[in-house]
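Text of structure_29.cif, listed as mmCIF, C-alpha atoms:
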```cif
data_model
loop_
_atom_site.label_atom_id
_atom_site.label_comp_id
_atom_site.auth_asym_id
_atom_site.auth_seq_id
_atom_site.Cartn_x
_atom_site.Cartn_y
_atom_site.Cartn_z
CA MET A 152 -26.64 0.06 -3.96
CA ILE A 153 -22.91 0.23 -3.32
CA ILE A 154 -21.56 3.64 -2.32
CA ALA A 155 -17.83 4.22 -1.94
CA VAL A 156 -16.59 7.10 0.18
CA ALA A 157 -13.26 8.27 -1.19
CA SER A 158 -10.98 11.31 -1.30
CA GLY A 159 -7.66 11.93 -2.93
CA LYS A 160 -6.21 13.51 0.17
CA GLY A 161 -6.02 11.71 3.48
CA GLY A 162 -7.67 13.15 6.57
CA THR A 163 -10.51 14.90 4.75
CA GLY A 164 -13.26 13.02 6.58
CA LYS A 165 -13.90 9.82 4.62
CA THR A 166 -14.42 7.72 7.71
CA THR A 167 -16.48 10.47 9.37
CA VAL A 168 -18.79 10.59 6.36
CA ALA A 169 -18.92 6.82 5.81
CA THR A 170 -19.66 5.91 9.44
CA ASN A 171 -22.20 8.67 10.02
CA LEU A 172 -23.94 7.95 6.73
CA ALA A 173 -24.19 4.24 7.57
CA TYR A 174 -25.44 5.09 11.05
CA TYR A 175 -28.11 7.42 9.66
CA ARG A 176 -29.35 4.93 7.07
CA ALA A 177 -29.37 2.09 9.58
CA ARG A 178 -32.44 3.72 11.18
CA ASP A 179 -34.48 2.40 8.25
CA GLU A 180 -32.61 -0.46 6.64
CA LYS A 181 -29.87 -3.02 7.09
CA VAL A 182 -26.59 -1.46 5.99
CA PHE A 183 -23.41 -3.25 5.00
CA PHE A 184 -20.36 -1.28 6.05
CA MET A 185 -16.88 -2.17 4.86
CA ASP A 186 -13.71 -0.52 6.08
CA LEU A 187 -11.38 -0.93 3.10
CA ASP A 188 -8.69 1.43 4.35
CA VAL A 189 -6.85 -1.78 5.15
CA GLU A 190 -3.50 -0.17 5.90
CA GLU A 191 -5.05 1.80 8.72
CA PRO A 192 -8.65 0.82 9.34
CA ASN A 193 -10.34 2.97 11.99
CA ALA A 194 -14.09 2.91 11.29
CA ALA A 195 -14.47 0.43 14.16
CA VAL A 196 -13.53 3.24 16.55
CA PHE A 197 -16.79 4.99 15.63
CA LEU A 198 -19.15 2.11 14.86
CA LYS A 199 -17.93 0.00 17.79
CA PRO A 200 -18.94 -3.30 16.23
CA GLU A 201 -19.01 -6.56 18.05
CA ILE A 202 -16.61 -8.77 16.05
CA GLU A 203 -18.07 -12.22 15.46
CA GLU A 204 -15.57 -13.75 13.09
CA GLU A 205 -12.10 -13.21 11.72
CA TYR A 206 -10.41 -15.10 8.92
CA PRO A 207 -7.21 -14.73 6.89
CA ALA A 208 -7.02 -12.87 3.58
CA VAL A 209 -4.65 -14.80 1.35
CA LYS A 210 -2.86 -14.56 -1.96
CA LYS A 211 -1.15 -17.24 -4.03
CA VAL A 212 2.64 -17.40 -3.84
CA PRO A 213 5.14 -19.92 -5.22
CA GLN A 214 6.53 -22.73 -3.15
CA ILE A 215 9.67 -24.42 -4.43
CA ASP A 216 9.97 -28.17 -4.24
CA GLU A 217 13.67 -28.37 -3.46
CA GLU A 218 13.87 -32.02 -4.51
CA LYS A 219 12.73 -31.20 -8.02
CA CYS A 220 14.37 -27.75 -8.36
CA LYS A 221 17.63 -27.75 -10.37
CA ASN A 222 18.27 -24.07 -9.59
CA CYS A 223 18.18 -23.13 -13.28
CA GLY A 224 16.93 -19.65 -12.38
CA LYS A 225 14.27 -19.46 -15.10
CA CYS A 226 11.57 -18.58 -12.58
CA ALA A 227 13.63 -15.76 -11.07
CA ARG A 228 14.38 -14.30 -14.50
CA ALA A 229 10.73 -14.50 -15.50
CA CYS A 230 9.43 -12.75 -12.38
CA ALA A 231 8.69 -9.10 -13.13
CA PHE A 232 8.61 -8.25 -9.44
CA ASN A 233 11.78 -9.98 -8.24
CA ALA A 234 9.78 -12.13 -5.86
CA LEU A 235 12.16 -14.98 -6.66
CA ALA A 236 15.93 -14.81 -6.47
CA ALA A 237 18.42 -17.29 -7.78
CA ALA A 238 21.01 -17.48 -5.04
CA LEU A 239 24.05 -19.74 -5.42
CA ASP A 240 22.47 -23.10 -4.77
CA LYS A 241 18.77 -22.40 -4.28
CA ILE A 242 15.82 -20.26 -5.28
CA LEU A 243 14.67 -17.85 -2.60
CA VAL A 244 11.03 -16.75 -2.45
CA PHE A 245 10.02 -13.31 -1.23
CA PRO A 246 6.27 -13.75 -0.84
CA GLU A 247 5.68 -10.10 0.07
CA MET A 248 6.90 -9.08 -3.42
CA CYS A 249 4.70 -11.59 -5.27
CA HIS A 250 1.76 -10.42 -7.39
CA SER A 251 0.33 -13.95 -7.74
CA CYS A 252 0.61 -13.99 -11.54
CA GLY A 253 1.66 -17.66 -11.60
CA LEU A 254 4.23 -17.17 -14.35
CA CYS A 255 7.03 -18.83 -12.35
CA SER A 256 5.16 -22.13 -12.12
CA LYS A 257 4.44 -21.99 -15.86
CA VAL A 258 8.07 -21.43 -16.91
CA CYS A 259 9.60 -24.00 -14.54
CA PRO A 260 10.92 -26.87 -16.70
CA PHE A 261 11.02 -29.25 -13.73
CA ASP A 262 7.50 -28.77 -12.37
CA ALA A 263 9.10 -27.73 -9.10
CA ILE A 264 6.81 -24.80 -8.28
CA ARG A 265 3.33 -24.98 -6.90
CA GLU A 266 1.21 -22.09 -5.69
CA ILE A 267 0.18 -22.02 -2.08
CA ASP A 268 -1.97 -19.69 0.03
CA TYR A 269 -0.05 -17.04 1.91
CA GLU A 270 -1.67 -14.81 4.52
CA ILE A 271 -1.43 -11.09 3.78
CA GLY A 272 -4.05 -9.80 6.15
CA LYS A 273 -7.26 -10.46 8.00
CA VAL A 274 -10.94 -9.92 7.42
CA PHE A 275 -13.13 -9.12 10.42
CA ARG A 276 -16.90 -9.49 10.43
CA GLY A 277 -19.24 -8.20 13.09
CA ASN A 278 -22.23 -6.02 13.67
CA SER A 279 -22.94 -2.64 15.10
CA SER A 280 -26.27 -2.11 16.85
CA GLY A 281 -27.78 -5.04 14.91
CA GLN A 282 -28.55 -2.93 11.86
CA ILE A 283 -25.03 -2.44 10.52
CA LEU A 284 -23.22 -5.49 9.20
CA PHE A 285 -19.63 -4.50 9.72
CA TYR A 286 -16.58 -5.73 7.82
CA GLU A 287 -12.99 -4.65 8.13
CA GLY A 288 -9.87 -5.59 6.24
CA LYS A 289 -6.47 -5.29 7.89
CA LEU A 290 -3.20 -5.72 6.03
CA ASN A 291 -0.50 -7.55 7.98
CA ILE A 292 2.55 -5.51 8.93
CA GLY A 293 5.28 -5.76 6.27
CA GLU A 294 2.88 -6.77 3.50
CA THR A 295 2.12 -4.62 0.46
CA SER A 296 -0.69 -6.50 -1.29
CA THR A 297 -3.34 -3.97 -0.26
CA PRO A 298 -5.74 -4.59 -3.19
CA GLU A 299 -5.92 -8.32 -2.45
CA VAL A 300 -7.07 -7.67 1.13
CA ILE A 301 -9.65 -5.18 -0.16
CA SER A 302 -10.89 -7.71 -2.66
CA ALA A 303 -11.16 -10.36 0.09
CA VAL A 304 -13.41 -8.04 2.11
CA LYS A 305 -15.51 -7.12 -0.93
CA LYS A 306 -16.35 -10.78 -1.55
CA ASN A 307 -18.86 -10.33 1.30
CA ILE A 308 -20.97 -7.82 -0.65
CA VAL A 309 -24.54 -9.04 -1.00
CA PRO A 310 -26.30 -7.41 -3.94
CA GLY A 311 -29.47 -5.52 -3.13
CA HIS A 312 -28.31 -4.05 0.19
CA LEU A 313 -27.12 -0.56 0.82
CA THR A 314 -23.35 -0.97 1.16
CA VAL A 315 -21.01 1.78 2.30
CA LEU A 316 -17.34 1.31 1.44
CA ASP A 317 -14.81 3.39 3.36
CA ALA A 318 -11.99 3.73 0.82
CA PRO A 319 -8.29 4.21 1.45
CA PRO A 320 -6.84 7.65 0.66
CA GLY A 321 -5.12 8.42 -2.61
CA ALA A 322 -5.97 7.60 -6.20
CA SER A 323 -3.89 4.48 -6.84
CA CYS A 324 -4.42 0.69 -7.08
CA SER A 325 -6.03 0.21 -3.69
CA VAL A 326 -8.57 2.97 -4.36
CA MET A 327 -9.31 1.55 -7.80
CA GLU A 328 -9.83 -1.92 -6.29
CA THR A 329 -12.31 -0.33 -3.85
CA LEU A 330 -14.13 1.43 -6.67
CA GLU A 331 -14.55 -1.64 -8.88
CA GLU A 332 -18.27 -2.26 -9.38
CA VAL A 333 -19.54 0.50 -7.11
CA ASP A 334 -22.70 2.35 -8.13
CA PHE A 335 -21.63 5.72 -6.82
CA CYS A 336 -18.66 7.45 -5.26
CA LEU A 337 -18.87 10.20 -2.66
CA LEU A 338 -15.81 12.43 -2.88
CA VAL A 339 -15.04 14.00 0.46
CA ALA A 340 -13.03 17.19 0.11
CA GLU A 341 -11.79 19.83 2.51
CA PRO A 342 -11.55 23.45 1.39
CA THR A 343 -7.78 23.78 1.21
CA PRO A 344 -5.51 24.09 -1.84
CA PHE A 345 -4.22 20.59 -1.08
CA GLY A 346 -7.78 19.30 -0.77
CA LEU A 347 -8.71 20.84 -4.09
CA SER A 348 -5.64 19.48 -5.86
CA ASP A 349 -6.37 15.91 -4.75
CA LEU A 350 -10.09 16.28 -5.46
CA LYS A 351 -9.16 17.09 -9.06
CA LEU A 352 -7.25 13.80 -9.29
CA MET A 353 -10.30 11.94 -8.02
CA VAL A 354 -12.60 13.65 -10.49
CA GLU A 355 -10.25 12.47 -13.25
CA LEU A 356 -10.33 8.94 -11.85
CA MET A 357 -14.14 8.97 -11.78
CA LYS A 358 -14.14 9.86 -15.48
CA GLU A 359 -11.58 7.19 -16.25
CA MET A 360 -13.59 4.51 -14.43
CA SER A 361 -17.01 5.91 -15.52
CA ILE A 362 -18.31 6.10 -11.95
CA PRO A 363 -21.04 8.62 -11.11
CA SER A 364 -19.92 10.81 -8.23
CA GLY A 365 -20.81 13.73 -6.01
CA ILE A 366 -18.87 15.90 -3.60
CA ILE A 367 -19.23 16.25 0.14
CA ILE A 368 -17.42 19.28 1.46
CA ASN A 369 -16.15 18.76 4.96
CA GLN A 370 -15.12 21.62 7.28
CA TRP A 371 -17.12 23.93 5.07
CA GLN A 372 -16.91 27.65 5.81
CA GLU A 373 -18.79 30.48 4.17
CA GLU A 374 -15.63 32.53 3.80
CA ASN A 375 -13.74 29.75 2.00
CA LEU A 376 -15.48 28.53 -1.12
CA ILE A 377 -12.52 27.04 -2.98
CA ILE A 378 -14.27 23.65 -3.45
CA ASP A 379 -17.71 25.18 -4.12
CA ARG A 380 -16.23 27.26 -6.92
CA PHE A 381 -14.47 24.29 -8.48
CA ALA A 382 -17.69 22.22 -8.32
CA GLU A 383 -19.66 25.02 -9.95
CA GLU A 384 -17.08 25.54 -12.65
CA LYS A 385 -16.97 21.81 -13.51
CA ASN A 386 -20.68 21.31 -13.00
CA LEU A 387 -20.15 18.69 -10.29
CA PRO A 388 -22.91 18.07 -7.76
CA VAL A 389 -22.27 18.97 -4.11
CA LEU A 390 -24.41 16.61 -2.02
CA LEU A 391 -23.60 17.91 1.43
CA ARG A 392 -21.68 20.62 3.26
CA ILE A 393 -20.52 19.64 6.74
CA PRO A 394 -19.76 22.87 8.57
CA PHE A 395 -16.45 23.70 10.19
CA ASP A 396 -17.54 23.14 13.76
CA ARG A 397 -15.29 22.52 16.72
CA ARG A 398 -17.92 20.24 18.28
CA ILE A 399 -17.54 17.81 15.35
CA ALA A 400 -13.78 17.63 15.86
CA HIS A 401 -14.40 17.11 19.54
CA ALA A 402 -16.82 14.23 18.92
CA TYR A 403 -14.33 12.68 16.49
CA SER A 404 -11.52 12.91 19.04
CA LYS A 405 -13.66 10.93 21.48
CA GLY A 406 -14.52 8.26 18.91
CA GLU A 407 -18.14 9.41 18.66
CA LEU A 408 -20.43 9.63 15.66
CA PHE A 409 -21.10 13.37 15.50
CA SER A 410 -24.56 12.85 14.01
CA GLU A 411 -25.43 10.72 17.02
CA THR A 412 -24.05 12.90 19.79
CA ILE A 413 -24.65 16.44 18.47
CA GLU A 414 -28.36 17.12 18.24
CA ASP A 415 -28.11 19.78 15.51
CA TYR A 416 -26.63 17.23 13.14
CA GLN A 417 -28.95 14.29 13.69
CA ASN A 418 -30.45 14.54 10.23
CA ILE A 419 -27.54 16.11 8.35
CA PHE A 420 -27.07 12.97 6.21
CA GLU A 421 -30.73 12.84 5.18
CA PRO A 422 -30.26 14.33 1.68
CA VAL A 423 -27.29 12.17 0.72
CA VAL A 424 -28.85 8.88 -0.41
CA PRO A 425 -31.88 10.51 -2.13
CA GLY A 426 -29.42 12.87 -3.85
CA ILE A 427 -27.34 9.89 -5.02
CA LYS A 428 -30.41 8.09 -6.35
CA GLU A 429 -31.38 11.19 -8.28
CA LEU A 430 -27.91 11.47 -9.80
CA ILE A 431 -27.78 7.79 -10.76
CA LYS A 432 -31.14 8.14 -12.53
CA LYS A 433 -29.65 10.87 -14.69
CA MET B 230 40.27 -11.69 -2.82
CA LYS B 231 37.33 -10.33 -4.75
CA ILE B 232 35.46 -7.41 -3.20
CA VAL B 233 32.23 -5.91 -4.51
CA MET B 234 30.78 -2.53 -3.52
CA PRO B 235 28.02 -0.24 -4.74
CA VAL B 236 29.47 2.94 -6.22
CA SER B 237 28.24 6.25 -7.59
CA ASN B 238 29.92 6.03 -11.02
CA ASN B 239 32.28 3.86 -13.08
CA SER B 240 35.53 5.72 -12.49
CA PRO B 241 38.41 4.56 -10.23
CA ASP B 242 37.82 7.49 -7.84
CA ALA B 243 34.08 6.76 -7.51
CA LEU B 244 32.55 7.08 -4.05
CA ILE B 245 30.79 4.24 -2.32
CA ASP B 246 27.05 4.71 -2.90
CA ASP B 247 24.50 5.27 -0.13
CA ARG B 248 22.23 2.58 -1.58
CA PHE B 249 22.81 -1.06 -2.30
CA GLY B 250 19.92 -2.10 -4.56
CA ARG B 251 19.61 1.19 -6.39
CA CYS B 252 23.25 2.23 -6.81
CA PRO B 253 24.26 3.14 -10.38
CA TYR B 254 27.29 0.79 -10.56
CA PHE B 255 28.96 -2.05 -8.75
CA ALA B 256 32.76 -2.00 -8.48
CA ILE B 257 34.47 -5.38 -8.45
CA HIS B 258 37.97 -5.17 -7.06
CA ASP B 259 40.48 -7.98 -7.25
CA THR B 260 43.12 -7.54 -4.52
CA GLU B 261 45.58 -9.89 -6.24
CA SER B 262 45.73 -8.07 -9.58
CA GLY B 263 44.81 -4.71 -8.04
CA LYS B 264 42.30 -4.21 -10.84
CA THR B 265 38.85 -2.74 -10.50
CA THR B 266 36.08 -3.38 -13.01
CA PHE B 267 32.61 -1.83 -13.09
CA VAL B 268 29.20 -3.26 -13.91
CA ALA B 269 26.11 -1.11 -14.31
CA ASN B 270 23.40 -2.05 -11.82
CA ASP B 271 20.22 -3.19 -13.50
CA VAL B 272 17.89 -1.04 -11.35
CA GLN B 273 14.34 -2.42 -11.18
CA GLU B 274 11.03 -0.76 -10.50
CA SER B 275 10.27 -3.37 -7.90
CA GLY B 276 12.69 -5.62 -6.09
CA SER B 277 15.93 -3.85 -6.92
CA GLY B 278 17.61 -5.14 -3.78
CA VAL B 279 16.83 -8.79 -4.58
CA ASN B 280 17.91 -8.39 -8.18
CA ALA B 281 21.12 -6.51 -7.34
CA ALA B 282 22.03 -9.10 -4.71
CA SER B 283 21.61 -12.05 -7.05
CA ASN B 284 23.68 -10.23 -9.68
CA VAL B 285 26.40 -9.51 -7.14
CA LEU B 286 26.57 -13.23 -6.27
CA LYS B 287 27.37 -13.99 -9.91
CA PHE B 288 30.76 -12.28 -9.42
CA SER B 289 31.48 -14.83 -6.64
CA PRO B 290 32.77 -12.17 -4.26
CA ASP B 291 34.67 -12.98 -1.09
CA ALA B 292 33.34 -9.83 0.53
CA VAL B 293 30.77 -7.12 -0.07
CA ILE B 294 31.30 -3.62 1.30
CA THR B 295 28.24 -1.41 1.55
CA LEU B 296 26.93 1.45 3.67
CA THR B 297 23.42 0.04 3.83
CA ILE B 298 21.68 -3.20 2.94
CA GLY B 299 18.02 -4.15 3.23
CA PRO B 300 16.54 -7.41 4.53
CA LYS B 301 15.87 -9.05 1.16
CA ALA B 302 19.26 -8.32 -0.40
CA PHE B 303 20.88 -9.39 2.87
CA ARG B 304 19.07 -12.74 2.77
CA VAL B 305 20.13 -13.38 -0.85
CA ILE B 306 23.81 -12.57 -0.24
CA LYS B 307 23.89 -14.59 2.97
CA THR B 308 22.78 -17.82 1.23
CA SER B 309 26.29 -17.86 -0.24
CA GLY B 310 28.00 -17.23 3.09
CA THR B 311 29.66 -14.13 1.63
CA LYS B 312 30.67 -11.66 4.33
CA ILE B 313 29.18 -8.18 4.22
CA TYR B 314 31.09 -5.27 5.71
CA GLU B 315 29.93 -1.80 6.65
CA GLY B 316 31.91 0.65 4.58
CA VAL B 317 32.73 4.26 5.35
CA LYS B 318 31.77 7.27 3.27
CA GLY B 319 34.64 7.69 0.86
CA ASN B 320 36.08 6.25 -2.33
CA ILE B 321 36.77 2.69 -3.42
CA LYS B 322 40.43 2.75 -2.42
CA GLN B 323 39.78 3.98 1.11
CA ASN B 324 37.24 1.22 1.70
CA ILE B 325 39.47 -1.51 0.26
CA GLU B 326 42.36 -0.35 2.45
CA LEU B 327 40.22 -0.35 5.58
CA LEU B 328 38.93 -3.82 4.78
CA THR B 329 42.35 -5.32 4.14
CA ARG B 330 43.59 -3.78 7.41
CA GLY B 331 40.64 -5.47 9.12
CA GLU B 332 39.14 -2.15 10.19
CA LEU B 333 35.62 -2.60 8.75
CA LYS B 334 32.85 -4.05 10.89
CA GLU B 335 30.94 -7.03 9.59
CA ILE B 336 27.21 -6.44 9.04
CA ASN B 337 25.34 -9.28 10.70
CA ALA B 338 21.80 -8.03 10.16
CA PRO B 339 20.14 -5.83 7.55
CA ASN B 340 20.63 -2.16 8.44
CA ASN B 341 18.22 -0.45 6.08
#
```

Can the structure in the file be given as structure tokens, please?
Amino acid sequence: MIIAVASGKGGTGKTTVATNLAYYRARDEKVFFMDLDVEEPNAAVFLKPEIEEEYPAVKKVPQIDEEKCKNCGKCARACAFNALAAALDKILVFPEMCHSCGLCSKVCPFDAIREIDYEIGKVFRGNSSGQILFYEGKLNIGETSTPEVISAVKKNIVPGHLTVLDAPPGASCSVMETLEEVDFCLLVAEPTPFGLSDLKLMVELMKEMSIPSGIIINQWQEENLIIDRFAEEKNLPVLLRIPFDRRIAHAYSKGELFSETIEDYQNIFEPVVPGIKELIKK
Amino acid sequence: MKIVMPVSNNSPDALIDDRFGRCPYFAIHDTESGKTTFVANDVQESGSGVNAASNVLKFSPDAVITLTIGPKAFRVIKTSGTKIYEGVKGNIKQNIELLTRGELKEINAPNN
């Protein structure tokens, strides 16, 4: 089963939920954990994996054969992303702008363009306490091809294992890439107007992509039920309420898994996976 | 000498624009005839700087005056050896005068 942990808003507790959930489940089974927040991966801070391998994440970009190129500019005009520019006497390539569509090589009348691999980021593989197979994607500085790095990490998914995907924030391309082919999405929301507004966007996205989902309310307080009310109104399942507790923030600030270091919370993630299974059955 | 600069509109008293790739118009001034013509900038969703820079090169300018220029547009313009000068906030005329008096600094690296 592949579970994505997402949220519209940043800083709502995606990584907290994803890492603690993986840690809890790893008591009983091997868990694949993938940090797909590739612009700012930080799950490693909490899971402290031993990294065993790293390899480049690549995309295809054009390379101009200057001997064959007659500088006709057809490729630059065809490129929808301005990744190629016809300067006075040569074609310039801006690989960071390229979406790897391959159109330039198709329109070139002189067969002067071939596609080559270009590194946009790195994939790290390791393990945490033997039971968690850890993967992390990291986008190189200056690059923008976030979905391609996410997709490179996701190639490591092995069907049949519980897999927890820590998604990037937002509701755009990179989140959609993360959500491709997941079985369930946990939506982490904090009870603030901002949190609610972005949760609504995610609920829309779930509908659009036909992904079953449930809400985890983080920093939950009895006197602030803004998310609870929305969930009730829309008939959305709330799978867990993580209380507003200074000790959790404290554990986080030290890079600790709060369900490991705070005794009261050792089993807080117990209902999550059974709850998901129940919802998927429906 | 032909001078190109990004400007806020297509009138002779237009101000130099804050942006290079996403300015509304380019002014092309010919110092010999004293004439200024305007071309609308074909602003793109992605890669406006690259696109604007390759369009600017088509005017074969001797100099470009701009307040800011990013790394990609800079690279495109520089393939032609065209000099890029840092303009001052103000209108076309003021910038042309400063350039011809040699009072504008050359931009040797992208500044935006």

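Between CA of Val268 (chain B) and CA of Asn239 (chain B) the interatomic distance comes to 7.8 Å.
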
With only C-alpha atoms counted and 8 Å as the cut-off, give the residues of chain A in contact with chain B, each with its shortest interatomic distance in Å and the pair that gives it, as JSON lines.
```
{"residue": "A:Ala231", "atom": "CA", "partner": "B:Ser275", "partner_atom": "CA", "distance": 7.9}
{"residue": "A:Phe232", "atom": "CA", "partner": "B:Ser275", "partner_atom": "CA", "distance": 5.4}
{"residue": "A:Asn233", "atom": "CA", "partner": "B:Gly276", "partner_atom": "CA", "distance": 4.9}
{"residue": "A:Ala234", "atom": "CA", "partner": "B:Gly276", "partner_atom": "CA", "distance": 7.1}
{"residue": "A:Ala236", "atom": "CA", "partner": "B:Ser283", "partner_atom": "CA", "distance": 6.3}
{"residue": "A:Ala237", "atom": "CA", "partner": "B:Ser283", "partner_atom": "CA", "distance": 6.2}
{"residue": "A:Ala238", "atom": "CA", "partner": "B:Ser283", "partner_atom": "CA", "distance": 5.8}
{"residue": "A:Leu239", "atom": "CA", "partner": "B:Ser309", "partner_atom": "CA", "distance": 5.9}
{"residue": "A:Asp240", "atom": "CA", "partner": "B:Ser309", "partner_atom": "CA", "distance": 7.9}
{"residue": "A:Leu243", "atom": "CA", "partner": "B:Val305", "partner_atom": "CA", "distance": 7.3}
{"residue": "A:Phe245", "atom": "CA", "partner": "B:Lys301", "partner_atom": "CA", "distance": 7.6}
{"residue": "A:Met248", "atom": "CA", "partner": "B:Gly276", "partner_atom": "CA", "distance": 7.3}
```

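Proximity to Ala269 (chain B) was assessed for B:Arg330, B:Lys322, B:Arg251, B:Lys312 counting all atoms listed in the file; the smallest distance is recorded for B:Arg251.
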
**Item:** Spatial neighbours of Val236 (chain B), max dist 12 Å, all atoms listed in the file, sep filter under 3 positions, as a PyMOL selection string
**Value:** chain B and resi 233+239-258+265-270+293-296+316+318-322+324

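Take CA of Ala169 (chain A) and CA of Asp317 (chain A): the distance between them is 5.9 Å.
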
**Message:** Going by the chain IDs and residue numbers used in this file, which residues fall under the PyMOL selection byres ((chain A and resi 290) around 7)? Write them as a PyMOL selection string.
**Reply:** chain A and resi 189-190+271-273+288-289+291-292+294+297+300

**Request:** Enumerate, as a PyMOL selection string, the residues matched when the PyMOL selection byres ((chain B and resi 332) around 12) is run on the file above.
**Result:** chain B and resi 294+314-317+323-331+333-335

**Message:** Can you measure CA of Asn171 (chain A) to CA of Pro422 (chain A) for me? One decimal in Å is fine.
**Reply:** 12.9 Å

**Request:** Find the residues near Asn369 (chain A): any atom within 9 Å, counting all atoms listed in the file, skip ones fewer than 4 places away on the same chain, and give them as an MDAnalysis selection string.
**Result:** chainID A and resid 163:164 168 339:342 391:395

Please list as a CSV table (one decimal) with C-alpha atoms, in the coordinates of the input every residue within 10 Å of Asn340 (chain B), counting all atoms listed in the file and excluding residues in the same chain fewer than 5 positions away.
```csv
chain,number,residue,atom,x,y,z
B,296,LEU,CA,26.9,1.4,3.7
B,297,THR,CA,23.4,0.0,3.8
B,298,ILE,CA,21.7,-3.2,2.9
B,299,GLY,CA,18.0,-4.2,3.2
B,300,PRO,CA,16.5,-7.4,4.5
B,303,PHE,CA,20.9,-9.4,2.9
B,315,GLU,CA,29.9,-1.8,6.6
```

Carefully work through the PyMOL selection byres ((chain B and resi 291) around 7) for this structure and note down the residues it includes, as a PDB file with C-alpha atoms, in the frame of the given file.
```pdb
ATOM      1  CA  MET B 230      40.270 -11.690  -2.820  1.00  0.00           C
ATOM      2  CA  LYS B 231      37.330 -10.330  -4.750  1.00  0.00           C
ATOM      3  CA  ILE B 232      35.460  -7.410  -3.200  1.00  0.00           C
ATOM      4  CA  SER B 289      31.480 -14.830  -6.640  1.00  0.00           C
ATOM      5  CA  PRO B 290      32.770 -12.170  -4.260  1.00  0.00           C
ATOM      6  CA  ALA B 292      33.340  -9.830   0.530  1.00  0.00           C
ATOM      7  CA  THR B 311      29.660 -14.130   1.630  1.00  0.00           C
ATOM      8  CA  LYS B 312      30.670 -11.660   4.330  1.00  0.00           C
TER       9      LYS B 312
END
```

**Prompt:** At a cut-off of 12 Å from (-16.5, 0.6, 12.7) in the coordinates of the file, what residues are picked up using all atoms listed in the file, written as a ChimeraX atom specification?
**Reply:** /A:166-167,169-171,173-174,183-188,192-202,275-280,283-288,315-317,406-408

Could you please take those selected residues and save C-alpha atoms as a PDB file, in the frame of the given file?
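What follows is the written file result.pdb:
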```pdb
ATOM      1  CA  THR A 166     -14.420   7.720   7.710  1.00  0.00           C
ATOM      2  CA  THR A 167     -16.480  10.470   9.370  1.00  0.00           C
ATOM      3  CA  ALA A 169     -18.920   6.820   5.810  1.00  0.00           C
ATOM      4  CA  THR A 170     -19.660   5.910   9.440  1.00  0.00           C
ATOM      5  CA  ASN A 171     -22.200   8.670  10.020  1.00  0.00           C
ATOM      6  CA  ALA A 173     -24.190   4.240   7.570  1.00  0.00           C
ATOM      7  CA  TYR A 174     -25.440   5.090  11.050  1.00  0.00           C
ATOM      8  CA  PHE A 183     -23.410  -3.250   5.000  1.00  0.00           C
ATOM      9  CA  PHE A 184     -20.360  -1.280   6.050  1.00  0.00           C
ATOM     10  CA  MET A 185     -16.880  -2.170   4.860  1.00  0.00           C
ATOM     11  CA  ASP A 186     -13.710  -0.520   6.080  1.00  0.00           C
ATOM     12  CA  LEU A 187     -11.380  -0.930   3.100  1.00  0.00           C
ATOM     13  CA  ASP A 188      -8.690   1.430   4.350  1.00  0.00           C
ATOM     14  CA  PRO A 192      -8.650   0.820   9.340  1.00  0.00           C
ATOM     15  CA  ASN A 193     -10.340   2.970  11.990  1.00  0.00           C
ATOM     16  CA  ALA A 194     -14.090   2.910  11.290  1.00  0.00           C
ATOM     17  CA  ALA A 195     -14.470   0.430  14.160  1.00  0.00           C
ATOM     18  CA  VAL A 196     -13.530   3.240  16.550  1.00  0.00           C
ATOM     19  CA  PHE A 197     -16.790   4.990  15.630  1.00  0.00           C
ATOM     20  CA  LEU A 198     -19.150   2.110  14.860  1.00  0.00           C
ATOM     21  CA  LYS A 199     -17.930   0.000  17.790  1.00  0.00           C
ATOM     22  CA  PRO A 200     -18.940  -3.300  16.230  1.00  0.00           C
ATOM     23  CA  GLU A 201     -19.010  -6.560  18.050  1.00  0.00           C
ATOM     24  CA  ILE A 202     -16.610  -8.770  16.050  1.00  0.00           C
ATOM     25  CA  PHE A 275     -13.130  -9.120  10.420  1.00  0.00           C
ATOM     26  CA  ARG A 276     -16.900  -9.490  10.430  1.00  0.00           C
ATOM     27  CA  GLY A 277     -19.240  -8.200  13.090  1.00  0.00           C
ATOM     28  CA  ASN A 278     -22.230  -6.020  13.670  1.00  0.00           C
ATOM     29  CA  SER A 279     -22.940  -2.640  15.100  1.00  0.00           C
ATOM     30  CA  SER A 280     -26.270  -2.110  16.850  1.00  0.00           C
ATOM     31  CA  ILE A 283     -25.030  -2.440  10.520  1.00  0.00           C
ATOM     32  CA  LEU A 284     -23.220  -5.490   9.200  1.00  0.00           C
ATOM     33  CA  PHE A 285     -19.630  -4.500   9.720  1.00  0.00           C
ATOM     34  CA  TYR A 286     -16.580  -5.730   7.820  1.00  0.00           C
ATOM     35  CA  GLU A 287     -12.990  -4.650   8.130  1.00  0.00           C
ATOM     36  CA  GLY A 288      -9.870  -5.590   6.240  1.00  0.00           C
ATOM     37  CA  VAL A 315     -21.010   1.780   2.300  1.00  0.00           C
ATOM     38  CA  LEU A 316     -17.340   1.310   1.440  1.00  0.00           C
ATOM     39  CA  ASP A 317     -14.810   3.390   3.360  1.00  0.00           C
ATOM     40  CA  GLY A 406     -14.520   8.260  18.910  1.00  0.00           C
ATOM     41  CA  GLU A 407     -18.140   9.410  18.660  1.00  0.00           C
ATOM     42  CA  LEU A 408     -20.430   9.630  15.660  1.00  0.00           C
TER      43      LEU A 408
END
```

**Request:** Using all atoms listed in the file, determine which residues lie at most 9 Å from Pro246 (chain A), disregarding the query and same-chain residues fewer than 2 positions distant; provide the list as a PyMOL selection string.
**Result:** chain A and resi 211-213+234-235+244+248-250+269+294
